[in-house]
Amino acid sequence: MSFDGHLIHTCTIENPAAGGAHVYNNPTEAYGTPVTGVRCRLVEVRERVWSDEQQASAVQSVYKLLVRGDVTLDERAKISLVTLEDRTAMSDTFVVTEVLHSRGRSSHHKTAVLERVS
C-alpha cells in the first residue's frame, strides 16, 4: 500500500503568520489562510490520567498527524475540522508542538506531534 493509501482522514491547517502587538506591546498570535481538505492521518499515541489528593483529575492525550511531504506544516500551527474515515467530524482543535520530516531523496512525509486545546 502506498503512503497516500494510509491518509484516510482530512483536516484543516492554519499555519502561524507574522502578528502585530496589542496594547501592552506583547505579540499577538496571527494565523494565515486556512488550508482545508488536507489528506492526513490522526493517530492517538498515548493517554495519561493525572490526579491529585483532592480527587481532581485531568487527561493528557498525545497525538501524531501524518501528512504528505509537500504540505506546509509549521510548529504552532492549528489543526481543526478533522474528519475520520467513517465521516465523523472531530470538534477538537490541536496545536503542533513538533514537526518531524521523513526524507529520502525528497521530503516523503511529515509527522507532527499534537496537543489538544481545551
# chains A, B, ... in the order shown; residues from 1 in each chain; ligands from 1
$ select_by_dssp --residues "chain A" --states "helix (DSSP H, G or I)" --output "list in words"
Phe3, Asp4, Gly5 and His6 of chain A
$ residues_around --residues "Tyr31 (chain A)" --least-positions-apart "5" --cutoff "9 Å" --atoms "only C-alpha atoms" --output "MDAnalysis selection string"
chainID A and resid 14:19 77:78
$ atom_distance --atom1 "CA of Arg41 (chain A)" --atom2 "CA of Val59 (chain A)"
21.9 Å
$ residues_around --residues "Leu114 (chain A)" --least-positions-apart "5" --cutoff "8 Å" --atoms "only C-alpha atoms" --output "PDB file with N, CA and C atoms, in the first residue's frame"
ATOM      1  N   VAL A  62      -1.737  12.547  23.704  1.00  0.00           N
ATOM      2  CA  VAL A  62      -0.733  12.941  22.728  1.00  0.00           C
ATOM      3  C   VAL A  62      -1.118  12.294  21.404  1.00  0.00           C
ATOM      4  N   TYR A  63      -1.110  13.085  20.346  1.00  0.00           N
ATOM      5  CA  TYR A  63      -1.498  12.622  19.013  1.00  0.00           C
ATOM      6  C   TYR A  63      -0.358  12.850  18.044  1.00  0.00           C
ATOM      7  N   LYS A  64      -0.377  12.098  16.953  1.00  0.00           N
ATOM      8  CA  LYS A  64       0.525  12.333  15.834  1.00  0.00           C
ATOM      9  C   LYS A  64      -0.330  12.520  14.596  1.00  0.00           C
ATOM     10  N   LEU A  65       0.121  13.418  13.734  1.00  0.00           N
ATOM     11  CA  LEU A  65      -0.565  13.697  12.476  1.00  0.00           C
ATOM     12  C   LEU A  65       0.421  13.438  11.350  1.00  0.00           C
ATOM     13  N   PHE A  94      -6.243  21.176  17.707  1.00  0.00           N
ATOM     14  CA  PHE A  94      -4.939  20.714  18.142  1.00  0.00           C
ATOM     15  C   PHE A  94      -3.893  21.760  17.770  1.00  0.00           C
ATOM     16  N   VAL A  95      -2.785  21.776  18.517  1.00  0.00           N
ATOM     17  CA  VAL A  95      -1.661  22.660  18.219  1.00  0.00           C
ATOM     18  C   VAL A  95      -0.439  21.789  17.972  1.00  0.00           C
ATOM     19  N   VAL A  96       0.298  22.093  16.905  1.00  0.00           N
ATOM     20  CA  VAL A  96       1.505  21.345  16.563  1.00  0.00           C
ATOM     21  C   VAL A  96       2.625  21.769  17.504  1.00  0.00           C
ATOM     22  N   THR A  97       3.216  20.809  18.212  1.00  0.00           N
ATOM     23  CA  THR A  97       4.330  21.113  19.109  1.00  0.00           C
ATOM     24  C   THR A  97       5.675  20.753  18.502  1.00  0.00           C
ATOM     25  N   GLU A  98       5.661  19.869  17.500  1.00  0.00           N
ATOM     26  CA  GLU A  98       6.909  19.413  16.905  1.00  0.00           C
ATOM     27  C   GLU A  98       6.613  18.865  15.516  1.00  0.00           C
TER      28      GLU A  98
END
$ select_by_dssp --residues "chain A" --states "strand (DSSP E or B)" --output "VMD selection string"
chain A and resid 9 to 14 16 to 17 21 27 30 to 31 35 to 51 57 to 68 78 to 83 89 to 90 93 to 103 107 to 117
$ residues_around --residues "Val71 (chain A)" --least-positions-apart "2" --cutoff "10 Å" --atoms "only C-alpha atoms" --output "VMD selection string"
chain A and resid 13 35 38 to 40 67 to 69 73 to 74 107 109 to 110
